[in-house]
file entry25.txt (compact mmCIF, C-alpha atoms)
# COMPACT_ATOMS: atom_id res chain seq x y z
CA MET A 396 56.46 -59.64 277.21
CA VAL A 397 59.45 -60.24 279.48
CA GLY A 398 59.79 -63.79 278.13
CA VAL A 399 59.72 -62.54 274.55
CA ALA A 400 62.38 -59.91 275.30
CA THR A 401 64.57 -62.51 277.02
CA ALA A 402 64.25 -64.94 274.10
CA ALA A 403 65.16 -62.18 271.65
CA ALA A 404 68.17 -61.23 273.73
CA GLN A 405 69.37 -64.83 273.73
CA GLN A 406 69.34 -65.13 269.92
CA PRO A 407 72.89 -65.60 268.58
CA PRO A 408 74.26 -62.57 266.72
CA VAL A 409 74.20 -62.74 262.94
CA LYS A 410 77.56 -62.08 261.30
CA VAL A 411 77.40 -60.63 257.80
CA ASN A 412 80.50 -60.55 255.61
CA VAL A 413 80.40 -57.83 252.95
CA LEU A 414 82.80 -58.33 250.06
CA ASN A 415 84.45 -55.19 248.72
CA VAL A 416 84.72 -56.51 245.18
CA CYS A 417 85.56 -53.10 243.70
CA ALA A 418 88.53 -52.32 245.94
CA PRO A 419 89.93 -55.37 247.78
CA SER A 420 92.53 -54.77 250.50
CA ALA A 421 96.27 -55.19 249.92
CA ASP A 422 96.20 -58.59 251.65
CA GLU A 423 93.27 -59.71 249.51
CA GLN A 424 95.08 -58.59 246.36
CA LYS A 425 98.09 -60.68 247.36
CA GLU A 426 95.85 -63.66 247.99
CA LEU A 427 94.15 -63.28 244.60
CA SER A 428 97.51 -63.02 242.82
CA ALA A 429 98.93 -66.01 244.73
CA ALA A 430 95.92 -68.20 243.88
CA LEU A 431 96.07 -67.32 240.18
CA ALA A 432 99.79 -68.07 240.15
CA LYS A 433 99.00 -71.64 241.31
CA VAL A 434 96.85 -72.38 238.26
CA PRO A 435 98.82 -74.64 235.88
CA GLY A 436 99.99 -72.67 232.85
CA LYS A 437 100.20 -75.78 230.67
CA PRO A 438 97.59 -78.13 232.16
CA VAL A 439 97.95 -81.89 231.94
CA PHE A 440 94.63 -83.70 232.22
CA GLY A 441 93.66 -87.24 233.12
CA THR A 442 91.55 -89.44 230.88
CA ASP A 443 88.18 -88.65 232.54
CA TYR A 444 86.13 -85.83 231.11
CA GLU A 445 82.56 -84.60 230.69
CA VAL A 446 80.78 -82.48 228.07
CA SER A 447 77.16 -81.48 228.68
CA ARG A 448 74.67 -79.01 227.26
CA GLY A 449 71.18 -77.85 228.12
CA ARG A 450 68.65 -75.08 228.54
CA SER A 451 67.62 -73.61 231.91
CA THR A 452 64.84 -71.23 232.88
CA LEU A 453 66.23 -68.14 234.62
CA ASP A 454 64.80 -67.13 237.98
CA PRO A 455 64.29 -63.32 238.10
CA ASN A 456 64.77 -63.45 241.89
CA THR A 457 68.25 -64.99 241.61
CA PRO A 458 70.96 -62.56 240.45
CA ILE A 459 73.57 -64.06 238.13
CA PRO A 460 77.01 -62.41 237.97
CA GLY A 461 77.71 -60.85 234.59
CA MET A 462 74.04 -60.71 233.62
CA GLN A 463 71.56 -57.87 233.84
CA PRO A 464 68.70 -58.58 236.30
CA LEU A 465 65.41 -59.64 234.77
CA PRO A 466 62.38 -57.33 235.16
CA ALA A 467 59.80 -58.43 237.72
CA GLY A 468 57.55 -61.12 236.27
CA ALA A 469 59.79 -61.71 233.26
CA VAL A 470 60.51 -65.22 232.05
CA SER A 471 63.72 -66.01 230.21
CA SER A 472 65.98 -68.97 229.54
CA ALA A 473 69.63 -69.57 228.82
CA ASP A 474 71.37 -72.21 226.73
CA TRP A 475 74.62 -73.53 228.14
CA VAL A 476 77.55 -75.82 227.50
CA ARG A 477 79.83 -77.30 230.18
CA ILE A 478 83.21 -78.98 229.81
CA ARG A 479 84.95 -80.71 232.73
CA ARG A 480 88.40 -82.27 232.87
CA GLU A 481 90.21 -84.02 235.71
CA PHE A 482 93.77 -83.30 236.81
CA PRO A 483 96.22 -86.09 237.77
CA ASP A 484 96.08 -87.27 241.40
CA ALA A 485 99.27 -85.44 242.38
CA ALA A 486 98.04 -82.05 241.14
CA LEU A 487 96.94 -79.24 243.48
CA PHE A 488 93.60 -78.94 241.68
CA SER A 489 91.28 -81.92 241.32
CA ASN A 490 89.35 -80.72 238.26
CA VAL A 491 88.50 -77.74 236.08
CA GLN A 492 85.03 -76.89 234.81
CA TYR A 493 84.37 -74.45 232.00
CA SER A 494 80.87 -73.20 231.23
CA PHE A 495 79.43 -70.95 228.55
CA SER A 496 75.84 -69.67 228.74
CA VAL A 497 73.88 -67.45 226.37
CA ASP A 498 70.46 -65.87 226.67
CA SER A 499 68.72 -63.16 224.63
CA LYS A 500 70.97 -60.39 226.00
CA ASN A 501 74.14 -61.84 227.50
CA MET A 502 76.88 -64.40 227.06
CA VAL A 503 78.73 -65.47 230.22
CA GLU A 504 81.90 -67.55 230.34
CA THR A 505 83.05 -69.11 233.64
CA LEU A 506 86.12 -71.14 234.55
CA VAL A 507 86.23 -72.90 237.94
CA LEU A 508 89.22 -74.81 239.32
CA ARG A 509 88.59 -76.89 242.45
CA VAL A 510 91.33 -77.68 244.96
CA ARG A 511 91.86 -81.35 245.85
CA ASP A 512 92.49 -80.93 249.61
CA PRO A 513 90.96 -77.59 250.70
CA LYS A 514 91.44 -78.27 254.42
CA ASP A 515 95.19 -78.38 253.94
CA LYS A 516 95.37 -75.45 251.52
CA ASP A 517 92.63 -73.09 252.92
CA LEU A 518 91.66 -72.45 249.29
CA MET A 519 88.64 -74.35 247.97
CA GLN A 520 88.24 -73.08 244.43
CA VAL A 521 89.20 -70.34 241.99
CA SER A 522 86.49 -68.87 239.77
CA ILE A 523 87.12 -66.60 236.75
CA GLU A 524 84.36 -65.00 234.71
CA ASP A 525 83.84 -62.74 231.73
CA SER A 526 80.81 -61.63 229.77
CA ALA A 527 79.71 -59.95 226.56
CA SER A 528 76.54 -58.75 224.92
CA ALA A 529 74.68 -61.44 222.95
CA VAL A 530 74.61 -59.19 219.85
CA ALA A 531 77.87 -60.98 219.00
CA SER A 532 78.12 -64.70 218.32
CA ALA A 533 79.58 -67.29 220.66
CA ALA A 534 82.23 -68.08 218.04
CA ALA A 535 83.20 -64.40 217.79
CA MET A 536 83.49 -64.06 221.56
CA LEU A 537 85.59 -67.21 221.85
CA SER A 538 87.91 -66.19 219.03
CA SER A 539 89.00 -63.04 220.88
CA THR A 540 90.56 -62.43 224.29
CA THR A 541 87.61 -61.17 226.30
CA PRO A 542 88.76 -59.23 229.40
CA VAL A 543 87.85 -61.00 232.62
CA SER A 544 85.24 -59.17 234.68
CA ARG A 545 85.35 -61.12 237.96
CA VAL A 546 87.77 -63.24 239.99
CA ARG A 547 86.62 -65.04 243.13
CA LEU A 548 88.31 -67.28 245.67
CA GLU A 549 86.28 -69.63 247.85
CA ARG A 550 88.22 -70.37 251.03
CA PHE A 551 87.85 -73.17 253.55
CA GLY A 552 86.33 -71.83 256.78
CA LYS A 553 86.77 -68.20 255.71
CA ALA A 554 84.88 -65.56 253.77
CA SER A 555 85.35 -65.40 250.01
CA VAL A 556 87.74 -62.97 248.35
CA ALA A 557 86.65 -61.34 245.10
CA LEU A 558 87.55 -58.66 242.59
CA ALA A 559 85.16 -57.37 239.93
CA ARG A 560 85.24 -54.61 237.36
CA CYS A 561 83.06 -51.80 238.68
CA SER A 562 81.57 -48.90 236.75
CA GLY A 563 80.16 -45.85 238.50
CA ASP A 564 76.43 -45.48 239.00
CA GLU A 565 74.61 -42.58 237.42
CA GLY A 566 76.05 -39.40 238.92
CA THR A 567 78.82 -41.34 240.71
CA PRO A 568 82.39 -41.52 239.39
CA ALA A 569 83.78 -44.97 238.59
CA THR A 570 86.19 -46.60 241.03
CA ASP A 571 89.83 -46.29 240.01
CA GLN A 572 90.85 -49.92 239.52
CA SER A 573 94.17 -49.39 237.74
CA ALA A 574 96.04 -50.96 240.68
CA TYR A 575 94.16 -54.24 240.11
CA GLU A 576 94.87 -54.49 236.38
CA PRO A 577 97.72 -57.06 236.86
CA ILE A 578 95.20 -59.37 238.56
CA PHE A 579 92.66 -58.94 235.77
CA GLN A 580 95.37 -59.52 233.15
CA ALA A 581 96.58 -62.69 234.86
CA ALA A 582 93.01 -64.02 235.06
CA SER A 583 92.32 -63.12 231.40
CA SER A 584 95.47 -64.98 230.36
CA ILE A 585 94.34 -68.07 232.30
CA MET A 586 90.89 -67.97 230.69
CA ASP A 587 92.46 -67.68 227.23
CA ARG A 588 94.84 -70.61 227.80
CA TYR A 589 92.11 -72.87 229.14
CA ARG A 590 89.82 -72.14 226.21
CA ASP A 591 92.54 -73.73 224.09
CA ALA A 592 93.39 -76.52 226.53
CA LEU A 593 89.71 -77.55 226.78
CA ASN A 594 89.07 -77.05 223.04
CA ALA A 595 86.22 -74.69 223.99
CA ARG A 596 86.60 -72.45 220.93
CA LYS A 597 85.51 -75.32 218.69
CA MET A 598 83.36 -77.40 221.02
CA VAL A 599 81.09 -74.69 222.45
CA PRO A 600 79.74 -73.40 219.09
CA GLU A 601 79.18 -76.99 217.92
CA GLU A 602 77.23 -77.90 221.07
CA LEU A 603 75.18 -74.68 220.91
CA VAL A 604 74.17 -75.55 217.33
CA ARG A 605 72.76 -78.83 218.66
CA LEU A 606 70.63 -76.71 221.02
CA GLY A 607 69.38 -74.64 218.10
CA VAL A 608 71.46 -71.56 218.93
CA LYS A 609 72.75 -69.58 215.96
CA THR A 610 76.51 -69.22 216.26
CA ALA A 611 77.23 -67.18 213.14
CA ALA A 612 77.97 -63.50 213.73
CA LYS A 613 75.09 -61.15 213.03
CA THR A 614 75.74 -58.81 210.12
CA GLY A 615 76.70 -55.31 211.24
CA SER A 616 76.80 -56.27 214.92
CA GLU A 617 79.81 -55.80 217.13
CA SER A 618 80.62 -57.34 220.47
CA LYS A 619 79.97 -55.03 223.40
CA LYS A 620 81.72 -55.95 226.62
CA ASN A 621 79.80 -55.65 229.84
CA PRO A 622 81.63 -54.27 232.88

call {"tool": "encode", "arguments": {"input": "entry25.txt", "output": "C-alpha cells"}}
result
Amino acid sequence: MVGVATAAAQQPPVKVNVLNVCAPSADEQKELSAALAKVPGKPVFGTDYEVSRGRSTLDPNTPIPGMQPLPAGAVSSADWVRIRREFPDAALFSNVQYSFSVDSKNMVETLVLRVRDPKDKDLMQVSIEDSASAVASAAAMLSSTTPVSRVRLERFGKASVALARCSGDEGTPATDQSAYEPIFQAASSIMDRYRDALNARKMVPEELVRLGVKTAAKTGSESKKNP
C-alpha cells in the first residue's frame, strides 16, 4: 500500500486550461482584435488551390461547435464542401481554408487562416465560425451576412483564446456580451469578404448539388440563426 501511495504521489500534476469563451479577459479581447486585424482585407492568392466535397458520419460522442449534440445511439451524417487557397510566400498567413457542412438540422460555416511561421509569431491559426438552422438553404445562408458565432485563436506553446456567443441556460440570464460586439462584427466582415474572395457563394451550392443536397430554399421556411 505504501508503494502504491508513493507512486500516486509521484505522478505529475495535470494542468487543465478552461477557456472562458463567453467573457474573455481584456488582454484576450485585445489579442482577438489584433489577430483579426492581421487578416488581409483584400486577399491575393497564389496559383495553388483545392476544392473537395464529401459526406461524413457524425460521431455522437464528439461535440462539434455550432451543432446540437446528437442523442445517445443516434446515427447522422453531414455533407461538406472545402475550399483552400494559398497565400504568396511573403504573406503572414500560408493558406486559408473555408468549409461548409450541412446535416439534417444544422449548417456550419468555418474559415481557418494558418500562420506561416507560428514560432516567430506565437499565433498558429485564426478560426471563424457561424451557423444556421438547416430549414434554410445553403444558397440562402450564403447570400446573407450571417453573424459569426465563434472566434478562436490557436497559439504556439500557449492555451487557445476564444470568444463565442452565449445564451443563458433555462432559468439563467444570458451573459451580457455587448462589449465584445466589435470583435464579432470584425469577424463577420472577414467571413463575408472571404466568401466572395473564394467564390464560395457560387461554388458551395454547386458542389452540394453533386452530393445530392437540395440547395433551393424550402417554401415558407426562414433561416433561424443558432447562438

call {"tool": "closest_residue", "arguments": {"input": "entry25.txt", "among": "A:Thr540, A:Ser471, A:Ser522, A:Asn490", "to": "Ser555 in chain A", "atoms": "only C-alpha atoms"}}
result
A:Ser522

call {"tool": "closest_residue", "arguments": {"input": "entry25.txt", "among": "A:Arg448, A:Ala533, A:Asp512, A:Ala559", "to": "Ala582 in chain A", "atoms": "all atoms listed in the file"}}
result
A:Ala559

call {"tool": "atom_distance", "arguments": {"input": "entry25.txt", "atom1": "CA of Lys500 in chain A", "atom2": "CA of Gln520 in chain A"}}
result
28.3 Å

call {"tool": "closest_residue", "arguments": {"input": "entry25.txt", "among": "A:Gln424, A:Ser451, A:Thr442, A:Ser526", "to": "Ile578 in chain A", "atoms": "all atoms listed in the file"}}
result
A:Gln424

call {"tool": "closest_residue", "arguments": {"input": "entry25.txt", "among": "A:Leu593, A:Leu558, A:Val530, A:Val604", "to": "Ala574 in chain A", "atoms": "only C-alpha atoms"}}
result
A:Leu558

call {"tool": "residues_around", "arguments": {"input": "entry25.txt", "residues": "Met536 in chain A", "least_positions_apart": "4", "cutoff": "9 Å", "atoms": "all atoms listed in the file", "output": "list in words"}}
result
Met502, Ser526, Ala527, Ala531, Ser532, Thr540, Thr541, Arg596 and Ser618 of chain A

call {"tool": "residues_around", "arguments": {"input": "entry25.txt", "residues": "Ile478 in chain A", "least_positions_apart": "3", "cutoff": "8 Å", "atoms": "all atoms listed in the file", "output": "ChimeraX atom specification"}}
result
/A:444-447,492-494,593,595

call {"tool": "write_last_selection", "arguments": {"input": "entry25.txt", "atoms": "C-alpha atoms", "output": "PDB file, in the frame of the given file"}}
result
ATOM      1  CA  TYR A 444      86.130 -85.830 231.110  1.00  0.00           C
ATOM      2  CA  GLU A 445      82.560 -84.600 230.690  1.00  0.00           C
ATOM      3  CA  VAL A 446      80.780 -82.480 228.070  1.00  0.00           C
ATOM      4  CA  SER A 447      77.160 -81.480 228.680  1.00  0.00           C
ATOM      5  CA  GLN A 492      85.030 -76.890 234.810  1.00  0.00           C
ATOM      6  CA  TYR A 493      84.370 -74.450 232.000  1.00  0.00           C
ATOM      7  CA  SER A 494      80.870 -73.200 231.230  1.00  0.00           C
ATOM      8  CA  LEU A 593      89.710 -77.550 226.780  1.00  0.00           C
ATOM      9  CA  ALA A 595      86.220 -74.690 223.990  1.00  0.00           C
TER      10      ALA A 595
END

call {"tool": "closest_residue", "arguments": {"input": "entry25.txt", "among": "A:Arg560, A:Arg550, A:Lys425, A:Lys437", "to": "Asp517 in chain A", "atoms": "all atoms listed in the file"}}
result
A:Arg550
